[in-house]
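Scroll down for the structure; my scribbles are underneath it.
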Amino acid sequence: MADTPPDAALALNRLASTAVEERPQERMQRHGPGALSDAELLAMLLRSGTQGHDVLTLAHGLVNEAGSLADLTRWTQRDFEKRKGIGRVKALQLLAVMEVAKRVLSQERGSQPVLDQPASIAAFCRPACLGLAVEKFWVLCLNRRNRLLRQVEITSGTAGSTLVHPREVFRAAIEASASAVVCVHNHPSGDPAPSAADVRVTRTLREAAQTIDIALLDHVIVGDPRHDPIGLGYYSFCDAGVL
């Protein structure tokens, strides 16, 4: 039988082909985590590979297949388990790591950000939208200076004209003693263009807001810039003139 070509052996086992002093753990100890690549950091979290799949090769494969670490946050347990060398335990471990990353991003946004522009609203909510396979609807309850008092999830996984009812939105606003609200929901497809149902819901919310005298500043749909024909990654009903 012919010997395995050197390049193929390298691809099969990155860890074995890397000098000990250049392996992620040793380099991290000498230079800190900033010296490691995305795949090397992921390898440090995984800690070990499986038979025939060393941890460094496994980590490189995951990052390459997803496209980036950010794209890995969108993967489900099934996505991870489809990758050779990833079983149920490692899939759950990776899901936990990705959820930690999303929560860190969320908590770094500040306790009372000013949310008076569509771009800042979309940026604030985007971490919560990463990896969602269903639509969720949130109401952001604001004070008189448009600072966040409370973010409340109203519905999850419900599409169409029944996405949300005004009483649920404004109940949350009244309980938070809010002066104004911003409504936000995601489009899992990444395209933030509104559906006919989204427009109907927004008009209903606008009428309800006028009735109870709590300002509806905007309704923002969060998508993904890569799937948005105009590249923004969000849609603002205020900018569109509906509110």
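We name chains A, B, ... following the order of the structure tokens; residues begin at 1 in each chain, and ligands are numbered from 1 as shown.
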
(request) Write out as a list in words each polymer residue whose atoms come within 10 Å of Asp224 of chain A, counting only C-alpha atoms; drop sequence neighbours fewer than 3 positions from it. (result)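 Contacts, in chain order: Arg126, Cys129, Leu130, Asn186, His187, Pro188, Ser189, Gly190, Asp191, Pro192, His227, Asp228, Gly231, Leu232, Gly233 and Tyr234 of chain A.
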
Dump N, CA and C atoms for the selected residues as a short mmCIF file (atom, residue, chain, number, x, y, z; two decimals), in the first residue's frame?
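Once everything was written out, this is part.cif:
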```cif
data_model
loop_
_atom_site.label_atom_id
_atom_site.label_comp_id
_atom_site.auth_asym_id
_atom_site.auth_seq_id
_atom_site.Cartn_x
_atom_site.Cartn_y
_atom_site.Cartn_z
N ARG A 126 -29.40 42.76 18.05
CA ARG A 126 -28.84 41.72 17.18
C ARG A 126 -28.26 40.53 17.94
N CYS A 129 -30.72 37.96 18.59
CA CYS A 129 -31.30 37.34 17.40
C CYS A 129 -30.39 36.29 16.77
N LEU A 130 -29.12 36.28 17.17
CA LEU A 130 -28.17 35.36 16.55
C LEU A 130 -28.60 33.91 16.74
N ASN A 186 -37.39 39.62 14.87
CA ASN A 186 -36.36 39.13 13.96
C ASN A 186 -36.98 38.38 12.79
N HIS A 187 -36.25 38.31 11.70
CA HIS A 187 -36.57 37.45 10.58
C HIS A 187 -35.46 36.41 10.46
N PRO A 188 -35.73 35.15 10.79
CA PRO A 188 -34.69 34.12 10.73
C PRO A 188 -34.05 33.96 9.34
N SER A 189 -34.78 34.33 8.29
CA SER A 189 -34.23 34.22 6.94
C SER A 189 -33.09 35.20 6.72
N GLY A 190 -33.03 36.25 7.53
CA GLY A 190 -32.01 37.27 7.37
C GLY A 190 -32.46 38.46 6.57
N ASP A 191 -33.52 38.32 5.78
CA ASP A 191 -34.06 39.42 4.99
C ASP A 191 -35.06 40.19 5.86
N PRO A 192 -34.76 41.45 6.19
CA PRO A 192 -35.64 42.19 7.11
C PRO A 192 -36.85 42.84 6.46
N HIS A 227 -28.06 39.20 3.91
CA HIS A 227 -29.27 38.77 3.21
C HIS A 227 -30.24 39.92 2.97
N ASP A 228 -29.76 41.13 3.22
CA ASP A 228 -30.57 42.32 3.01
C ASP A 228 -30.16 42.95 1.68
N GLY A 231 -28.34 45.99 2.32
CA GLY A 231 -27.16 45.83 3.15
C GLY A 231 -27.23 46.37 4.56
N LEU A 232 -28.39 46.88 5.00
CA LEU A 232 -28.48 47.43 6.36
C LEU A 232 -28.59 46.33 7.41
N GLY A 233 -29.37 45.31 7.10
CA GLY A 233 -29.58 44.24 8.07
C GLY A 233 -30.72 44.52 9.02
N TYR A 234 -31.48 45.59 8.78
CA TYR A 234 -32.66 45.88 9.59
C TYR A 234 -33.64 46.72 8.76
#
```

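Across the model, the gap from atom CA of Gly157 of chain A to atom CA of Ile214 of chain A is 26.5 Å.
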
(message) as a ChimeraX atom specification, please: the residues near Leu72 of chain A (cut-off 8 Å, only C-alpha atoms, same-chain neighbours under 3 positions excluded).
(response) /A:62-63,66-69,75,98

(message) Here is a test: counting only C-alpha atoms, which residue of A:Val89, A:Val182, A:Cys238, A:Ile230 is nearest to Leu115 of chain A?
(response)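 The answer is A:Val182, which sits nearest to Leu115 of chain A.
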
(request) Extract the full set of alpha helix (DSSP H) residues from segment 83-185 of chain A according to DSSP on the backbone, and format it as an MDAnalysis selection string. (result) chainID A and resid 88:107 118:129 166:175

Could you take the residues named above and write them with C-alpha atoms, as a PDB file, in the first residue's frame?
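Below you can see result-v7.pdb, which holds the result:
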```pdb
ATOM      1  CA  ARG A  88     -23.825  14.798  21.489  1.00  0.00           C
ATOM      2  CA  VAL A  89     -21.610  15.845  24.418  1.00  0.00           C
ATOM      3  CA  LYS A  90     -19.296  18.031  22.331  1.00  0.00           C
ATOM      4  CA  ALA A  91     -22.262  19.501  20.463  1.00  0.00           C
ATOM      5  CA  LEU A  92     -23.863  20.555  23.762  1.00  0.00           C
ATOM      6  CA  GLN A  93     -20.513  21.887  24.978  1.00  0.00           C
ATOM      7  CA  LEU A  94     -20.184  24.040  21.863  1.00  0.00           C
ATOM      8  CA  LEU A  95     -23.779  25.266  22.149  1.00  0.00           C
ATOM      9  CA  ALA A  96     -23.044  26.366  25.707  1.00  0.00           C
ATOM     10  CA  VAL A  97     -19.932  28.260  24.596  1.00  0.00           C
ATOM     11  CA  MET A  98     -21.867  30.036  21.838  1.00  0.00           C
ATOM     12  CA  GLU A  99     -24.650  30.965  24.257  1.00  0.00           C
ATOM     13  CA  VAL A 100     -22.088  32.405  26.689  1.00  0.00           C
ATOM     14  CA  ALA A 101     -20.662  34.519  23.848  1.00  0.00           C
ATOM     15  CA  LYS A 102     -24.109  35.854  22.951  1.00  0.00           C
ATOM     16  CA  ARG A 103     -24.924  36.692  26.566  1.00  0.00           C
ATOM     17  CA  VAL A 104     -21.596  38.477  27.066  1.00  0.00           C
ATOM     18  CA  LEU A 105     -22.344  40.608  23.996  1.00  0.00           C
ATOM     19  CA  SER A 106     -25.810  41.295  25.332  1.00  0.00           C
ATOM     20  CA  GLN A 107     -24.642  42.298  28.805  1.00  0.00           C
ATOM     21  CA  PRO A 118     -33.039  52.423  14.138  1.00  0.00           C
ATOM     22  CA  ALA A 119     -29.352  51.521  13.743  1.00  0.00           C
ATOM     23  CA  SER A 120     -28.710  51.586  17.508  1.00  0.00           C
ATOM     24  CA  ILE A 121     -31.905  49.624  18.178  1.00  0.00           C
ATOM     25  CA  ALA A 122     -30.900  46.951  15.666  1.00  0.00           C
ATOM     26  CA  ALA A 123     -27.350  46.791  17.047  1.00  0.00           C
ATOM     27  CA  PHE A 124     -28.698  46.435  20.587  1.00  0.00           C
ATOM     28  CA  CYS A 125     -31.026  43.570  19.685  1.00  0.00           C
ATOM     29  CA  ARG A 126     -28.842  41.718  17.176  1.00  0.00           C
ATOM     30  CA  PRO A 127     -26.995  39.535  19.759  1.00  0.00           C
ATOM     31  CA  ALA A 128     -30.357  38.205  20.987  1.00  0.00           C
ATOM     32  CA  CYS A 129     -31.301  37.337  17.395  1.00  0.00           C
ATOM     33  CA  PRO A 166     -51.264  45.196  21.415  1.00  0.00           C
ATOM     34  CA  ARG A 167     -52.496  44.407  24.929  1.00  0.00           C
ATOM     35  CA  GLU A 168     -49.378  42.253  25.551  1.00  0.00           C
ATOM     36  CA  VAL A 169     -47.053  44.982  24.307  1.00  0.00           C
ATOM     37  CA  PHE A 170     -48.608  47.800  26.277  1.00  0.00           C
ATOM     38  CA  ARG A 171     -49.194  45.729  29.400  1.00  0.00           C
ATOM     39  CA  ALA A 172     -45.406  45.347  29.578  1.00  0.00           C
ATOM     40  CA  ALA A 173     -44.986  49.093  28.998  1.00  0.00           C
ATOM     41  CA  ILE A 174     -47.453  50.033  31.728  1.00  0.00           C
ATOM     42  CA  GLU A 175     -45.853  47.614  34.207  1.00  0.00           C
TER      43      GLU A 175
END
```

Might you pull out every residue within 10 Å of Met44 of chain A, with only C-alpha atoms counted and same-chain residues fewer than 5 positions away left off, and present them as a PDB file with C-alpha atoms, in the first residue's frame?
```
ATOM      1  CA  PRO A  24      -2.161  26.604  21.265  1.00  0.00           C
ATOM      2  CA  GLN A  25      -1.749  25.937  24.986  1.00  0.00           C
ATOM      3  CA  MET A  28      -1.288  31.062  24.975  1.00  0.00           C
ATOM      4  CA  PRO A  33      -5.063  34.535  24.294  1.00  0.00           C
ATOM      5  CA  LEU A  36      -4.232  32.601  19.075  1.00  0.00           C
ATOM      6  CA  ALA A  39      -9.618  28.017  15.477  1.00  0.00           C
ATOM      7  CA  VAL A  55      -8.670  18.817  18.527  1.00  0.00           C
ATOM      8  CA  LEU A  56      -6.858  21.339  16.317  1.00  0.00           C
ATOM      9  CA  ALA A  59     -11.546  23.243  15.449  1.00  0.00           C
TER      10      ALA A  59
END
```

Find the spatial neighbours of Leu149 of chain A, counting only C-alpha atoms, within a cut-off of 12 Å - ignore same-chain residues fewer than 4 positions away - and output them as a PDB file with C-alpha atoms, in the first residue's frame.
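After the write, selection-v8.pdb holds the following:
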```pdb
ATOM      1  CA  GLY A 110     -25.036  48.708  29.036  1.00  0.00           C
ATOM      2  CA  SER A 111     -27.889  48.710  31.497  1.00  0.00           C
ATOM      3  CA  GLN A 112     -29.652  51.841  30.161  1.00  0.00           C
ATOM      4  CA  PRO A 113     -28.647  52.524  26.559  1.00  0.00           C
ATOM      5  CA  VAL A 114     -30.314  55.320  24.608  1.00  0.00           C
ATOM      6  CA  LEU A 115     -32.449  53.698  21.914  1.00  0.00           C
ATOM      7  CA  VAL A 139     -40.898  45.309  23.408  1.00  0.00           C
ATOM      8  CA  LEU A 140     -38.254  47.760  24.631  1.00  0.00           C
ATOM      9  CA  CYS A 141     -39.716  49.915  27.388  1.00  0.00           C
ATOM     10  CA  LEU A 142     -38.129  53.381  27.495  1.00  0.00           C
ATOM     11  CA  ASN A 143     -38.140  56.339  29.883  1.00  0.00           C
ATOM     12  CA  ARG A 144     -38.646  59.986  28.875  1.00  0.00           C
ATOM     13  CA  ARG A 145     -35.029  60.204  27.676  1.00  0.00           C
ATOM     14  CA  ALA A 172     -45.406  45.347  29.578  1.00  0.00           C
ATOM     15  CA  ALA A 173     -44.986  49.093  28.998  1.00  0.00           C
ATOM     16  CA  ILE A 174     -47.453  50.033  31.728  1.00  0.00           C
ATOM     17  CA  GLU A 175     -45.853  47.614  34.207  1.00  0.00           C
ATOM     18  CA  ALA A 176     -42.460  49.230  33.494  1.00  0.00           C
ATOM     19  CA  SER A 177     -43.926  52.755  33.816  1.00  0.00           C
ATOM     20  CA  ALA A 178     -42.574  53.441  30.349  1.00  0.00           C
ATOM     21  CA  SER A 179     -43.075  56.713  28.512  1.00  0.00           C
ATOM     22  CA  ALA A 180     -42.409  55.130  25.128  1.00  0.00           C
ATOM     23  CA  VAL A 181     -41.809  51.753  23.516  1.00  0.00           C
ATOM     24  CA  VAL A 182     -39.912  50.312  20.585  1.00  0.00           C
TER      25      VAL A 182
END
```

(message) What parts of segment 12-239 of chain A does DSSP call strand (DSSP E)? I'd like the answer as an MDAnalysis selection string.
(response) chainID A and resid 136:142 148:156 180:186 215:222 234:236

Write out as a PDB file with N, CA and C atoms, in the first residue's frame the residues lying within 12 Å of segment 194-203 of chain A, counting only C-alpha atoms and excluding same-chain residues fewer than 6 positions away.
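Written file, part_35.pdb:
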```
ATOM      1  N   GLU A 135     -39.202  33.235  14.802  1.00  0.00           N
ATOM      2  CA  GLU A 135     -39.399  34.661  15.058  1.00  0.00           C
ATOM      3  C   GLU A 135     -39.702  34.892  16.536  1.00  0.00           C
ATOM      4  N   PHE A 137     -40.569  38.269  19.271  1.00  0.00           N
ATOM      5  CA  PHE A 137     -41.029  39.661  19.298  1.00  0.00           C
ATOM      6  C   PHE A 137     -40.739  40.230  20.685  1.00  0.00           C
ATOM      7  N   THR A 158     -44.099  32.510  16.701  1.00  0.00           N
ATOM      8  CA  THR A 158     -45.409  32.759  16.114  1.00  0.00           C
ATOM      9  C   THR A 158     -45.269  33.704  14.938  1.00  0.00           C
ATOM     10  N   ALA A 159     -45.769  33.307  13.779  1.00  0.00           N
ATOM     11  CA  ALA A 159     -45.660  34.135  12.580  1.00  0.00           C
ATOM     12  C   ALA A 159     -47.032  34.612  12.134  1.00  0.00           C
ATOM     13  N   GLY A 160     -47.023  35.527  11.181  1.00  0.00           N
ATOM     14  CA  GLY A 160     -48.263  35.984  10.582  1.00  0.00           C
ATOM     15  C   GLY A 160     -48.940  37.085  11.377  1.00  0.00           C
ATOM     16  N   SER A 161     -50.211  37.273  11.128  1.00  0.00           N
ATOM     17  CA  SER A 161     -50.933  38.408  11.706  1.00  0.00           C
ATOM     18  C   SER A 161     -51.109  38.273  13.210  1.00  0.00           C
ATOM     19  N   THR A 162     -50.914  37.085  13.751  1.00  0.00           N
ATOM     20  CA  THR A 162     -51.064  36.876  15.195  1.00  0.00           C
ATOM     21  C   THR A 162     -49.713  36.931  15.911  1.00  0.00           C
ATOM     22  N   LEU A 163     -48.711  37.538  15.254  1.00  0.00           N
ATOM     23  CA  LEU A 163     -47.383  37.624  15.848  1.00  0.00           C
ATOM     24  C   LEU A 163     -47.432  38.210  17.256  1.00  0.00           C
ATOM     25  N   VAL A 164     -48.255  39.241  17.448  1.00  0.00           N
ATOM     26  CA  VAL A 164     -48.341  39.880  18.755  1.00  0.00           C
ATOM     27  C   VAL A 164     -49.670  40.613  18.866  1.00  0.00           C
ATOM     28  N   HIS A 165     -50.142  40.751  20.110  1.00  0.00           N
ATOM     29  CA  HIS A 165     -51.368  41.514  20.341  1.00  0.00           C
ATOM     30  C   HIS A 165     -51.004  42.794  21.102  1.00  0.00           C
ATOM     31  N   PRO A 166     -51.606  43.930  20.745  1.00  0.00           N
ATOM     32  CA  PRO A 166     -51.264  45.196  21.415  1.00  0.00           C
ATOM     33  C   PRO A 166     -51.357  45.144  22.932  1.00  0.00           C
ATOM     34  N   VAL A 169     -48.119  43.982  24.434  1.00  0.00           N
ATOM     35  CA  VAL A 169     -47.053  44.982  24.307  1.00  0.00           C
ATOM     36  C   VAL A 169     -47.224  46.079  25.342  1.00  0.00           C
ATOM     37  N   VAL A 182     -40.370  50.716  21.910  1.00  0.00           N
ATOM     38  CA  VAL A 182     -39.912  50.312  20.585  1.00  0.00           C
ATOM     39  C   VAL A 182     -40.198  48.824  20.470  1.00  0.00           C
ATOM     40  N   CYS A 183     -40.810  48.415  19.381  1.00  0.00           N
ATOM     41  CA  CYS A 183     -41.067  46.998  19.137  1.00  0.00           C
ATOM     42  C   CYS A 183     -39.999  46.456  18.196  1.00  0.00           C
ATOM     43  N   VAL A 184     -39.574  45.243  18.446  1.00  0.00           N
ATOM     44  CA  VAL A 184     -38.520  44.618  17.643  1.00  0.00           C
ATOM     45  C   VAL A 184     -38.883  43.163  17.421  1.00  0.00           C
ATOM     46  N   HIS A 185     -38.711  42.687  16.189  1.00  0.00           N
ATOM     47  CA  HIS A 185     -38.751  41.251  15.977  1.00  0.00           C
ATOM     48  C   HIS A 185     -37.716  40.885  14.919  1.00  0.00           C
ATOM     49  N   ASN A 186     -37.389  39.617  14.875  1.00  0.00           N
ATOM     50  CA  ASN A 186     -36.360  39.127  13.959  1.00  0.00           C
ATOM     51  C   ASN A 186     -36.979  38.375  12.794  1.00  0.00           C
ATOM     52  N   HIS A 187     -36.245  38.314  11.698  1.00  0.00           N
ATOM     53  CA  HIS A 187     -36.571  37.446  10.578  1.00  0.00           C
ATOM     54  C   HIS A 187     -35.464  36.408  10.457  1.00  0.00           C
ATOM     55  N   ALA A 209     -51.244  52.613  20.572  1.00  0.00           N
ATOM     56  CA  ALA A 209     -50.353  53.562  21.262  1.00  0.00           C
ATOM     57  C   ALA A 209     -51.014  54.927  21.387  1.00  0.00           C
ATOM     58  N   GLN A 210     -51.702  55.357  20.334  1.00  0.00           N
ATOM     59  CA  GLN A 210     -52.384  56.653  20.364  1.00  0.00           C
ATOM     60  C   GLN A 210     -53.519  56.650  21.379  1.00  0.00           C
ATOM     61  N   LEU A 216     -45.202  55.011  20.500  1.00  0.00           N
ATOM     62  CA  LEU A 216     -44.545  53.913  19.795  1.00  0.00           C
ATOM     63  C   LEU A 216     -43.516  54.557  18.873  1.00  0.00           C
ATOM     64  N   LEU A 217     -42.259  54.540  19.297  1.00  0.00           N
ATOM     65  CA  LEU A 217     -41.211  55.248  18.557  1.00  0.00           C
ATOM     66  C   LEU A 217     -40.841  54.550  17.258  1.00  0.00           C
ATOM     67  N   ASP A 218     -40.846  53.219  17.275  1.00  0.00           N
ATOM     68  CA  ASP A 218     -40.461  52.490  16.067  1.00  0.00           C
ATOM     69  C   ASP A 218     -40.821  51.021  16.220  1.00  0.00           C
ATOM     70  N   HIS A 219     -40.858  50.355  15.105  1.00  0.00           N
ATOM     71  CA  HIS A 219     -40.919  48.901  15.045  1.00  0.00           C
ATOM     72  C   HIS A 219     -39.791  48.505  14.105  1.00  0.00           C
ATOM     73  N   VAL A 220     -38.812  47.788  14.620  1.00  0.00           N
ATOM     74  CA  VAL A 220     -37.620  47.439  13.860  1.00  0.00           C
ATOM     75  C   VAL A 220     -37.578  45.930  13.641  1.00  0.00           C
ATOM     76  N   ILE A 221     -37.368  45.537  12.402  1.00  0.00           N
ATOM     77  CA  ILE A 221     -37.176  44.127  12.071  1.00  0.00           C
ATOM     78  C   ILE A 221     -35.679  43.891  11.901  1.00  0.00           C
ATOM     79  N   VAL A 222     -35.148  42.953  12.658  1.00  0.00           N
ATOM     80  CA  VAL A 222     -33.715  42.665  12.607  1.00  0.00           C
ATOM     81  C   VAL A 222     -33.469  41.463  11.706  1.00  0.00           C
ATOM     82  N   GLY A 223     -32.587  41.651  10.749  1.00  0.00           N
ATOM     83  CA  GLY A 223     -32.187  40.565   9.853  1.00  0.00           C
ATOM     84  C   GLY A 223     -30.676  40.429   9.852  1.00  0.00           C
ATOM     85  N   ASP A 228     -29.761  41.126   3.216  1.00  0.00           N
ATOM     86  CA  ASP A 228     -30.569  42.324   3.013  1.00  0.00           C
ATOM     87  C   ASP A 228     -30.163  42.953   1.680  1.00  0.00           C
ATOM     88  N   TYR A 234     -31.479  45.587   8.777  1.00  0.00           N
ATOM     89  CA  TYR A 234     -32.660  45.877   9.588  1.00  0.00           C
ATOM     90  C   TYR A 234     -33.636  46.718   8.758  1.00  0.00           C
ATOM     91  N   TYR A 235     -34.886  46.744   9.219  1.00  0.00           N
ATOM     92  CA  TYR A 235     -35.913  47.567   8.576  1.00  0.00           C
ATOM     93  C   TYR A 235     -36.603  48.367   9.664  1.00  0.00           C
ATOM     94  N   SER A 236     -36.762  49.668   9.432  1.00  0.00           N
ATOM     95  CA  SER A 236     -37.412  50.551  10.389  1.00  0.00           C
ATOM     96  C   SER A 236     -38.732  51.060   9.818  1.00  0.00           C
ATOM     97  N   PHE A 237     -39.837  50.794  10.530  1.00  0.00           N
ATOM     98  CA  PHE A 237     -41.121  51.313  10.101  1.00  0.00           C
ATOM     99  C   PHE A 237     -41.194  52.832  10.262  1.00  0.00           C
ATOM    100  N   CYS A 238     -40.415  53.369  11.193  1.00  0.00           N
ATOM    101  CA  CYS A 238     -40.363  54.819  11.361  1.00  0.00           C
ATOM    102  C   CYS A 238     -39.703  55.451  10.135  1.00  0.00           C
ATOM    103  N   ALA A 240     -39.552  54.235   7.271  1.00  0.00           N
ATOM    104  CA  ALA A 240     -40.396  53.997   6.104  1.00  0.00           C
ATOM    105  C   ALA A 240     -41.636  54.883   6.083  1.00  0.00           C
ATOM    106  N   GLY A 241     -41.863  55.652   7.169  1.00  0.00           N
ATOM    107  CA  GLY A 241     -42.985  56.562   7.216  1.00  0.00           C
ATOM    108  C   GLY A 241     -44.288  55.960   7.688  1.00  0.00           C
ATOM    109  N   VAL A 242     -44.236  54.730   8.196  1.00  0.00           N
ATOM    110  CA  VAL A 242     -45.454  54.080   8.687  1.00  0.00           C
ATOM    111  C   VAL A 242     -45.807  54.600  10.084  1.00  0.00           C
ATOM    112  N   LEU A 243     -44.805  55.015  10.838  1.00  0.00           N
ATOM    113  CA  LEU A 243     -45.024  55.552  12.199  1.00  0.00           C
ATOM    114  C   LEU A 243     -44.699  57.044  12.235  1.00  0.00           C
TER     115      LEU A 243
END
```

(request) Could you tell me how far atom CA of Gly85 of chain A lies from atom CA of Leu42 of chain A, in Å and to one decimal? (result)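 Taking atom CA of Gly85 of chain A and atom CA of Leu42 of chain A, their separation equals 14.5 Å.
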